[in-house]
file query-v1.cif (mmCIF, C-alpha atoms)
data_start
loop_
_atom_site.label_atom_id
_atom_site.label_comp_id
_atom_site.auth_asym_id
_atom_site.auth_seq_id
_atom_site.Cartn_x
_atom_site.Cartn_y
_atom_site.Cartn_z
CA MET P 2 103.42 84.40 59.37
CA ALA P 3 106.31 82.53 61.03
CA VAL P 4 107.53 83.74 64.41
CA ASN P 5 111.19 84.83 64.38
CA ARG P 6 113.23 83.14 67.14
CA TYR P 7 115.96 85.77 66.81
CA ASP P 8 116.01 89.48 67.64
CA ASP P 9 116.67 90.63 64.02
CA THR P 10 119.26 93.32 64.92
CA ARG P 11 122.26 93.81 62.67
CA ALA P 12 125.50 92.33 64.06
CA TRP P 13 128.58 90.35 63.09
CA TYR P 14 128.41 86.58 63.61
CA THR P 15 131.11 83.94 63.31
CA ILE P 16 130.49 80.85 61.24
CA SER P 17 132.75 77.81 61.12
CA THR P 18 133.71 76.33 57.77
CA TYR P 19 135.63 73.38 56.47
CA SER P 20 139.32 74.26 56.63
CA GLY P 21 140.47 75.78 53.34
CA HIS P 22 136.92 76.70 52.27
CA GLU P 23 136.80 80.14 53.98
CA ASP P 24 137.21 82.20 50.79
CA LYS P 25 134.67 80.09 48.84
CA VAL P 26 132.12 80.45 51.66
CA ALA P 27 132.68 84.22 51.91
CA ASP P 28 132.37 84.60 48.11
CA SER P 29 129.17 82.55 48.09
CA ILE P 30 127.64 84.66 50.88
CA ASN P 31 128.77 87.92 49.25
CA GLN P 32 127.07 86.87 45.99
CA ARG P 33 123.82 86.38 47.91
CA VAL P 34 124.16 89.89 49.43
CA ASP P 35 123.53 91.33 45.97
CA SER P 36 120.30 89.37 45.46
CA GLU P 37 117.06 91.29 45.96
CA ALA P 38 115.76 88.80 48.53
CA MET P 39 118.73 89.44 50.87
CA LYS P 40 118.92 93.25 50.60
CA GLY P 41 118.86 94.65 54.14
CA LYS P 42 119.25 91.19 55.70
CA ILE P 43 122.80 90.02 54.94
CA PHE P 44 125.40 92.76 54.45
CA GLY P 45 128.62 90.85 53.75
CA ALA P 46 131.10 88.18 54.71
CA LEU P 47 134.72 88.64 55.68
CA VAL P 48 137.67 86.26 55.98
CA PRO P 49 140.04 87.99 58.44
CA LYS P 50 143.57 87.99 56.96
CA GLU P 51 146.81 89.74 57.79
CA LYS P 52 149.99 90.27 55.82
CA GLN P 53 152.99 88.17 56.84
CA ILE P 54 156.48 87.75 55.49
CA GLU P 55 157.56 84.35 54.28
CA ILE P 56 160.93 83.23 52.94
CA LYS P 57 160.88 80.64 50.16
CA ASN P 58 164.00 79.67 48.23
CA GLY P 59 165.83 82.64 49.69
CA LYS P 60 163.21 85.11 48.42
CA ARG P 61 161.08 87.25 50.70
CA LYS P 62 157.38 87.23 49.92
CA VAL P 63 154.50 89.05 51.58
CA ILE P 64 151.50 86.74 51.86
CA ASP P 65 147.97 87.05 53.23
CA ARG P 66 147.52 84.58 56.06
CA LYS P 67 144.15 83.81 57.62
CA ILE P 68 143.94 85.08 61.20
CA PHE P 69 141.28 82.51 62.16
CA ALA P 70 141.56 79.44 59.93
CA GLY P 71 138.21 77.73 59.52
CA TYR P 72 136.10 80.79 60.38
CA VAL P 73 134.27 83.53 58.46
CA LEU P 74 132.62 86.66 59.86
CA VAL P 75 129.16 87.57 58.54
CA ASP P 76 127.48 90.98 58.95
CA MET P 77 123.74 90.26 59.05
CA LYS P 78 120.39 90.56 60.75
CA LEU P 79 119.85 87.17 62.37
CA SER P 80 116.44 85.70 61.53
CA ASP P 81 115.15 82.21 60.76
CA GLU P 82 115.53 82.99 57.06
CA THR P 83 119.12 84.32 57.22
CA TRP P 84 120.15 81.57 59.65
CA TYR P 85 118.86 78.96 57.18
CA ILE P 86 120.56 80.58 54.17
CA ILE P 87 123.96 80.89 55.88
CA ARG P 88 123.73 77.46 57.54
CA ASN P 89 123.01 75.84 54.15
CA THR P 90 125.82 77.58 52.27
CA PRO P 91 128.22 74.89 50.94
CA GLY P 92 131.26 74.60 53.22
CA VAL P 93 129.56 76.03 56.34
CA THR P 94 129.56 73.72 59.36
CA GLY P 95 127.66 76.00 61.74
CA PHE P 96 127.40 79.20 63.72
CA ILE P 97 129.53 79.92 66.77
CA GLY P 98 127.46 80.53 69.88
CA ASN P 99 125.90 79.13 73.02
CA GLY P 100 124.09 75.89 72.28
CA THR P 101 121.83 76.48 69.29
CA GLN P 102 121.85 80.29 69.66
CA PRO P 103 124.47 82.11 67.50
CA THR P 104 126.35 84.72 69.55
CA PRO P 105 127.14 88.12 67.97
CA VAL P 106 130.76 89.29 67.99
CA SER P 107 131.18 92.53 69.96
CA GLU P 108 131.83 95.75 68.03
CA LYS P 109 135.05 96.17 70.04
CA GLU P 110 136.30 92.77 68.85
CA ILE P 111 135.33 93.53 65.23
CA GLU P 112 137.25 96.82 65.40
CA LYS P 113 140.34 94.99 66.73
CA ILE P 114 140.13 92.44 63.90
CA LYS P 115 139.65 95.14 61.23
CA LYS P 116 142.56 97.13 62.66
CA ARG P 117 144.77 94.03 62.57
CA MET P 118 143.71 93.39 58.96
CA GLY P 119 144.33 97.01 57.95
CA VAL P 120 148.02 96.99 58.81
CA GLU P 121 149.61 97.49 55.41
CA ASP P 122 153.15 96.30 56.00
CA PRO P 123 153.91 93.38 58.26
CA LYS P 124 155.99 94.28 61.28
CA PHE P 125 159.39 92.74 61.83
CA SER P 126 160.15 91.29 65.21
CA ILE P 127 163.89 90.91 65.59
CA ASN P 128 164.83 89.20 68.82
CA TYR P 129 168.56 89.23 68.28
CA ALA P 130 171.41 91.20 69.83
CA LEU P 131 174.67 92.49 68.39
CA GLY P 132 177.43 89.92 68.74
CA GLU P 133 174.96 87.04 69.12
CA ILE P 134 175.97 83.84 67.29
CA VAL P 135 173.30 82.59 64.88
CA SER P 136 172.91 79.71 62.45
CA ILE P 137 171.89 80.48 58.86
CA ILE P 138 168.92 78.26 57.94
CA ASP P 139 168.05 79.49 54.43
CA GLY P 140 169.74 80.82 51.32
CA PRO P 141 173.19 80.31 49.80
CA PHE P 142 174.90 80.45 53.22
CA LYS P 143 172.67 77.78 54.76
CA GLY P 144 174.58 75.77 57.36
CA PHE P 145 177.04 78.58 58.20
CA GLU P 146 177.22 80.24 61.61
CA GLY P 147 178.25 83.78 62.41
CA ALA P 148 178.05 86.71 64.78
CA ILE P 149 175.54 89.53 64.21
CA SER P 150 177.37 92.79 63.42
CA GLU P 151 174.40 95.00 62.39
CA ILE P 152 170.63 95.00 62.92
CA ASP P 153 168.18 96.90 60.69
CA SER P 154 164.84 96.44 62.45
CA VAL P 155 162.99 98.67 59.94
CA LYS P 156 163.81 96.38 57.00
CA GLY P 157 164.09 93.18 59.06
CA LYS P 158 167.69 92.62 57.95
CA LEU P 159 170.79 91.45 59.80
CA LYS P 160 174.48 91.58 58.90
CA VAL P 161 176.19 88.41 60.01
CA MET P 162 179.97 87.96 60.02
CA VAL P 163 180.59 84.54 58.45
CA SER P 164 184.03 82.91 58.42
CA MET P 165 184.86 81.97 54.81
CA PHE P 166 188.24 81.17 53.31
CA GLY P 167 189.98 82.00 56.58
CA ARG P 168 188.51 85.49 57.03
CA GLU P 169 185.34 87.16 58.32
CA THR P 170 182.92 88.20 55.58
CA PRO P 171 179.79 90.29 56.22
CA VAL P 172 176.63 88.71 54.82
CA GLU P 173 173.29 90.58 54.72
CA LEU P 174 170.39 88.31 55.57
CA ASP P 175 166.71 88.52 56.29
CA ALA P 176 165.96 87.98 59.99
CA LEU P 177 163.85 84.97 58.98
CA GLN P 178 166.90 83.29 57.43
CA VAL P 179 168.68 82.80 60.76
CA LYS P 180 167.95 81.11 64.06
CA LYS P 181 169.47 81.37 67.51
CA ILE P 182 171.94 78.76 68.58
CA SER P 183 170.81 77.39 71.93
#
call {"tool": "encode", "arguments": {"input": "query-v1.cif", "output": "structure tokens"}}
result
Amino acid sequence: MAVNRYDDTRAWYTISTYSGHEDKVADSINQRVDSEAMKGKIFGALVPKEKQIEIKNGKRKVIDRKIFAGYVLVDMKLSDETWYIIRNTPGVTGFIGNGTQPTPVSEKEIEKIKKRMGVEDPKFSINYALGEIVSIIDGPFKGFEGAISEIDSVKGKLKVMVSMFGRETPVELDALQVKKIS
């Protein structure tokens, strides 16, 4: 019988992957979890993602963005066998650790990552003040400047007074559609 170089306790480990292959690697590992040979040895793979707001063509979209691009977390008992299986999964470039020894991620760190992933709605950070002059960088009013007259931090919206046709007109914008004028 082969001697196990590892302590065989269940923990989360970080593996590095080729950029853009994180989901494929996690899917491949998760398929192996269901095989009889890996029952009780590999428990699952996770690509940490969080929801973010993105503006494209004037439309707000909530997207899942990878928290750690190029990395996947694996819940497993580290042994020569599991190390070999994970290491030889297509797209995996290696384990994260000291030298040749993979280092487990602390439970505290895993809880922080899971908590960050579990946030349902992305938070808006509005760093603007009433009366501040901003430049509109997206949407039908792109290129206009105006003063902020209202801030709705719950929805992430701003009302900007834009000068059109010789008079001030209020325009409601997403906070991501404007930038500070420095």
call {"tool": "resolve_selection", "arguments": {"input": "query-v1.cif", "expression": "the PyMOL selection byres ((chain P and resi 136) around 7)", "output": "list of chain:residue names"}}
result
P:Val135, P:Ile137, P:Ile138, P:Gly144, P:Phe145, P:Glu146, P:Gly147, P:Val179, P:Lys180, P:Lys181, P:Ile182
call {"tool": "resolve_selection", "arguments": {"input": "query-v1.cif", "expression": "the PyMOL selection byres ((chain P and resi 30-41) around 9)", "output": "PyMOL selection string"}}
result
chain P and resi 25-29+42-47+75+77-78+83+86-87+90
call {"tool": "closest_residue", "arguments": {"input": "query-v1.cif", "among": "P:Ser150, P:Thr104, P:Asn89, P:Asn128", "to": "Pro171 (chain P)", "atoms": "all atoms listed in the file"}}
result
P:Ser150
call {"tool": "atom_distance", "arguments": {"input": "query-v1.cif", "atom1": "CA of Glu23 (chain P)", "atom2": "CA of Gly100 (chain P)"}}
result
22.7 Å
call {"tool": "residues_around", "arguments": {"input": "query-v1.cif", "residues": "Pro49 (chain P)", "least_positions_apart": "3", "cutoff": "8 Å", "atoms": "only C-alpha atoms", "output": "mmCIF file with C-alpha atoms, in the coordinates of the input"}}
result
data_model
loop_
_atom_site.group_PDB
_atom_site.id
_atom_site.type_symbol
_atom_site.label_atom_id
_atom_site.label_comp_id
_atom_site.auth_asym_id
_atom_site.auth_seq_id
_atom_site.Cartn_x
_atom_site.Cartn_y
_atom_site.Cartn_z
ATOM 1 C CA LYS P 67 144.150 83.810 57.620
ATOM 2 C CA ILE P 68 143.940 85.080 61.200
ATOM 3 C CA PHE P 69 141.280 82.510 62.160
ATOM 4 C CA VAL P 73 134.270 83.530 58.460
ATOM 5 C CA LEU P 74 132.620 86.660 59.860
ATOM 6 C CA ILE P 114 140.130 92.440 63.900
ATOM 7 C CA LYS P 115 139.650 95.140 61.230
ATOM 8 C CA MET P 118 143.710 93.390 58.960
#
call {"tool": "resolve_selection", "arguments": {"input": "query-v1.cif", "expression": "the PyMOL selection byres ((chain P and resi 14) around 8)", "output": "compact mmCIF listing (two decimals) with C-alpha atoms, keeping the file's coordinate frame"}}
result
# COMPACT_ATOMS: atom_id res chain seq x y z
CA ALA P 12 125.50 92.33 64.06
CA TRP P 13 128.58 90.35 63.09
CA THR P 15 131.11 83.94 63.31
CA ILE P 16 130.49 80.85 61.24
CA LEU P 74 132.62 86.66 59.86
CA VAL P 75 129.16 87.57 58.54
CA ASP P 76 127.48 90.98 58.95
CA MET P 77 123.74 90.26 59.05
CA PHE P 96 127.40 79.20 63.72
CA ILE P 97 129.53 79.92 66.77
CA PRO P 103 124.47 82.11 67.50
CA THR P 104 126.35 84.72 69.55
CA PRO P 105 127.14 88.12 67.97
CA VAL P 106 130.76 89.29 67.99
call {"tool": "atom_distance", "arguments": {"input": "query-v1.cif", "atom1": "CA of Arg66 (chain P)", "atom2": "CA of Ile54 (chain P)"}}
result
9.5 Å
call {"tool": "atom_distance", "arguments": {"input": "query-v1.cif", "atom1": "CA of Lys113 (chain P)", "atom2": "CA of Lys52 (chain P)"}}
result
15.3 Å
call {"tool": "closest_residue", "arguments": {"input": "query-v1.cif", "among": "P:Phe142, P:Val93, P:Tyr19, P:Lys109", "to": "Thr170 (chain P)", "atoms": "only C-alpha atoms"}}
result
P:Phe142
call {"tool": "closest_residue", "arguments": {"input": "query-v1.cif", "among": "P:Val172, P:Val163, P:Leu79, P:Val63", "to": "Ala148 (chain P)", "atoms": "all atoms listed in the file"}}
result
P:Val163
call {"tool": "closest_residue", "arguments": {"input": "query-v1.cif", "among": "P:Glu151, P:Phe166, P:Gly21, P:Pro141", "to": "Gly92 (chain P)", "atoms": "only C-alpha atoms"}}
result
P:Gly21
call {"tool": "axis_aligned_box", "arguments": {"input": "query-v1.cif", "around": "region 69-72 of chain P", "padding_each_side": "5 Å", "output": "JSON"}}
result
{"center_x": 138.8, "center_y": 80.1, "center_z": 60.8, "size_x": 15.5, "size_y": 14.8, "size_z": 12.6}
call {"tool": "residues_around", "arguments": {"input": "query-v1.cif", "residues": "Gln178 (chain P)", "least_positions_apart": "2", "cutoff": "10 Å", "atoms": "all atoms listed in the file", "output": "PDB file with C-alpha atoms, keeping the file's coordinate frame"}}
result
ATOM      1  CA  GLU P  55     157.560  84.350  54.280  1.00  0.00           C
ATOM      2  CA  ILE P  56     160.930  83.230  52.940  1.00  0.00           C
ATOM      3  CA  LYS P  57     160.880  80.640  50.160  1.00  0.00           C
ATOM      4  CA  GLY P  59     165.830  82.640  49.690  1.00  0.00           C
ATOM      5  CA  LYS P  60     163.210  85.110  48.420  1.00  0.00           C
ATOM      6  CA  ARG P  61     161.080  87.250  50.700  1.00  0.00           C
ATOM      7  CA  VAL P 135     173.300  82.590  64.880  1.00  0.00           C
ATOM      8  CA  SER P 136     172.910  79.710  62.450  1.00  0.00           C
ATOM      9  CA  ILE P 137     171.890  80.480  58.860  1.00  0.00           C
ATOM     10  CA  ILE P 138     168.920  78.260  57.940  1.00  0.00           C
ATOM     11  CA  ASP P 139     168.050  79.490  54.430  1.00  0.00           C
ATOM     12  CA  GLY P 140     169.740  80.820  51.320  1.00  0.00           C
ATOM     13  CA  PHE P 142     174.900  80.450  53.220  1.00  0.00           C
ATOM     14  CA  LYS P 143     172.670  77.780  54.760  1.00  0.00           C
ATOM     15  CA  LYS P 158     167.690  92.620  57.950  1.00  0.00           C
ATOM     16  CA  LEU P 159     170.790  91.450  59.800  1.00  0.00           C
ATOM     17  CA  LEU P 174     170.390  88.310  55.570  1.00  0.00           C
ATOM     18  CA  ASP P 175     166.710  88.520  56.290  1.00  0.00           C
ATOM     19  CA  ALA P 176     165.960  87.980  59.990  1.00  0.00           C
ATOM     20  CA  LYS P 180     167.950  81.110  64.060  1.00  0.00           C
TER      21      LYS P 180
END
call {"tool": "build_atoms", "arguments": {"input": "query-v1.cif", "residues": "region 32-43 of chain P", "atoms": "all heavy atoms", "output": "PDB file, in the coordinates of the input"}}
result
ATOM      1  N   GLN P  32     127.903  86.893  47.200  1.00  0.00           N
ATOM      2  CA  GLN P  32     127.070  86.870  45.990  1.00  0.00           C
ATOM      3  C   GLN P  32     125.594  86.965  46.361  1.00  0.00           C
ATOM      4  O   GLN P  32     124.819  87.626  45.677  1.00  0.00           O
ATOM      5  CB  GLN P  32     127.330  85.589  45.187  1.00  0.00           C
ATOM      6  CG  GLN P  32     128.637  85.614  44.445  1.00  0.00           C
ATOM      7  CD  GLN P  32     128.947  84.281  43.767  1.00  0.00           C
ATOM      8  OE1 GLN P  32     128.204  83.318  43.885  1.00  0.00           O
ATOM      9  NE2 GLN P  32     130.076  84.247  43.062  1.00  0.00           N
ATOM     10  N   ARG P  33     125.227  86.333  47.464  1.00  0.00           N
ATOM     11  CA  ARG P  33     123.820  86.380  47.910  1.00  0.00           C
ATOM     12  C   ARG P  33     123.438  87.778  48.388  1.00  0.00           C
ATOM     13  O   ARG P  33     122.275  88.157  48.325  1.00  0.00           O
ATOM     14  CB  ARG P  33     123.604  85.378  49.039  1.00  0.00           C
ATOM     15  CG  ARG P  33     123.607  83.965  48.545  1.00  0.00           C
ATOM     16  CD  ARG P  33     122.969  83.060  49.575  1.00  0.00           C
ATOM     17  NE  ARG P  33     122.796  81.751  49.019  1.00  0.00           N
ATOM     18  CZ  ARG P  33     123.474  80.683  49.396  1.00  0.00           C
ATOM     19  NH1 ARG P  33     124.353  80.781  50.363  1.00  0.00           N
ATOM     20  NH2 ARG P  33     123.259  79.519  48.832  1.00  0.00           N
ATOM     21  N   VAL P  34     124.410  88.529  48.928  1.00  0.00           N
ATOM     22  CA  VAL P  34     124.160  89.890  49.430  1.00  0.00           C
ATOM     23  C   VAL P  34     123.550  90.744  48.327  1.00  0.00           C
ATOM     24  O   VAL P  34     122.680  91.575  48.582  1.00  0.00           O
ATOM     25  CB  VAL P  34     125.479  90.527  49.941  1.00  0.00           C
ATOM     26  CG1 VAL P  34     125.326  92.005  50.205  1.00  0.00           C
ATOM     27  CG2 VAL P  34     125.967  89.813  51.192  1.00  0.00           C
ATOM     28  N   ASP P  35     124.002  90.525  47.101  1.00  0.00           N
ATOM     29  CA  ASP P  35     123.530  91.330  45.970  1.00  0.00           C
ATOM     30  C   ASP P  35     122.137  90.947  45.480  1.00  0.00           C
ATOM     31  O   ASP P  35     121.525  91.683  44.718  1.00  0.00           O
ATOM     32  CB  ASP P  35     124.527  91.229  44.804  1.00  0.00           C
ATOM     33  CG  ASP P  35     125.885  91.799  45.173  1.00  0.00           C
ATOM     34  OD1 ASP P  35     125.932  92.694  46.049  1.00  0.00           O
ATOM     35  OD2 ASP P  35     126.901  91.358  44.606  1.00  0.00           O
ATOM     36  N   SER P  36     121.631  89.784  45.921  1.00  0.00           N
ATOM     37  CA  SER P  36     120.300  89.370  45.460  1.00  0.00           C
ATOM     38  C   SER P  36     119.231  90.221  46.148  1.00  0.00           C
ATOM     39  O   SER P  36     119.382  90.642  47.283  1.00  0.00           O
ATOM     40  CB  SER P  36     120.069  87.884  45.728  1.00  0.00           C
ATOM     41  OG  SER P  36     119.839  87.681  47.102  1.00  0.00           O
ATOM     42  N   GLU P  37     118.156  90.458  45.428  1.00  0.00           N
ATOM     43  CA  GLU P  37     117.060  91.290  45.960  1.00  0.00           C
ATOM     44  C   GLU P  37     116.494  90.731  47.260  1.00  0.00           C
ATOM     45  O   GLU P  37     116.185  91.468  48.183  1.00  0.00           O
ATOM     46  CB  GLU P  37     115.941  91.406  44.920  1.00  0.00           C
ATOM     47  CG  GLU P  37     116.140  92.504  43.904  1.00  0.00           C
ATOM     48  CD  GLU P  37     116.443  93.875  44.487  1.00  0.00           C
ATOM     49  OE1 GLU P  37     115.695  94.359  45.358  1.00  0.00           O
ATOM     50  OE2 GLU P  37     117.457  94.465  44.074  1.00  0.00           O
ATOM     51  N   ALA P  38     116.365  89.425  47.348  1.00  0.00           N
ATOM     52  CA  ALA P  38     115.760  88.800  48.530  1.00  0.00           C
ATOM     53  C   ALA P  38     116.579  89.047  49.816  1.00  0.00           C
ATOM     54  O   ALA P  38     116.031  89.045  50.906  1.00  0.00           O
ATOM     55  CB  ALA P  38     115.603  87.299  48.300  1.00  0.00           C
ATOM     56  N   MET P  39     117.882  89.270  49.681  1.00  0.00           N
ATOM     57  CA  MET P  39     118.730  89.440  50.870  1.00  0.00           C
ATOM     58  C   MET P  39     119.097  90.889  51.171  1.00  0.00           C
ATOM     59  O   MET P  39     119.787  91.153  52.151  1.00  0.00           O
ATOM     60  CB  MET P  39     120.025  88.616  50.701  1.00  0.00           C
ATOM     61  CG  MET P  39     119.802  87.124  50.807  1.00  0.00           C
ATOM     62  SD  MET P  39     119.138  86.642  52.416  1.00  0.00           S
ATOM     63  CE  MET P  39     117.433  86.278  52.046  1.00  0.00           C
ATOM     64  N   LYS P  40     118.652  91.827  50.343  1.00  0.00           N
ATOM     65  CA  LYS P  40     118.920  93.250  50.600  1.00  0.00           C
ATOM     66  C   LYS P  40     118.401  93.617  51.984  1.00  0.00           C
ATOM     67  O   LYS P  40     117.255  93.339  52.319  1.00  0.00           O
ATOM     68  CB  LYS P  40     118.259  94.130  49.548  1.00  0.00           C
ATOM     69  CG  LYS P  40     118.943  94.076  48.210  1.00  0.00           C
ATOM     70  CD  LYS P  40     119.717  95.350  47.942  1.00  0.00           C
ATOM     71  CE  LYS P  40     120.251  95.425  46.546  1.00  0.00           C
ATOM     72  NZ  LYS P  40     121.520  94.803  46.334  1.00  0.00           N
ATOM     73  N   GLY P  41     119.256  94.228  52.799  1.00  0.00           N
ATOM     74  CA  GLY P  41     118.860  94.650  54.140  1.00  0.00           C
ATOM     75  C   GLY P  41     118.812  93.531  55.162  1.00  0.00           C
ATOM     76  O   GLY P  41     118.400  93.741  56.295  1.00  0.00           O
ATOM     77  N   LYS P  42     119.254  92.325  54.764  1.00  0.00           N
ATOM     78  CA  LYS P  42     119.250  91.190  55.700  1.00  0.00           C
ATOM     79  C   LYS P  42     120.654  90.647  55.933  1.00  0.00           C
ATOM     80  O   LYS P  42     121.047  90.386  57.059  1.00  0.00           O
ATOM     81  CB  LYS P  42     118.343  90.075  55.164  1.00  0.00           C
ATOM     82  CG  LYS P  42     116.886  90.473  55.075  1.00  0.00           C
ATOM     83  CD  LYS P  42     116.053  89.377  54.455  1.00  0.00           C
ATOM     84  CE  LYS P  42     114.612  89.859  54.278  1.00  0.00           C
ATOM     85  NZ  LYS P  42     113.790  88.873  53.601  1.00  0.00           N
ATOM     86  N   ILE P  43     121.406  90.456  54.839  1.00  0.00           N
ATOM     87  CA  ILE P  43     122.800  90.020  54.940  1.00  0.00           C
ATOM     88  C   ILE P  43     123.629  91.101  54.247  1.00  0.00           C
ATOM     89  O   ILE P  43     123.345  91.482  53.117  1.00  0.00           O
ATOM     90  CB  ILE P  43     123.021  88.648  54.255  1.00  0.00           C
ATOM     91  CG1 ILE P  43     122.170  87.571  54.930  1.00  0.00           C
ATOM     92  CG2 ILE P  43     124.499  88.255  54.320  1.00  0.00           C
ATOM     93  CD1 ILE P  43     122.222  86.208  54.243  1.00  0.00           C
TER      94      ILE P  43
END
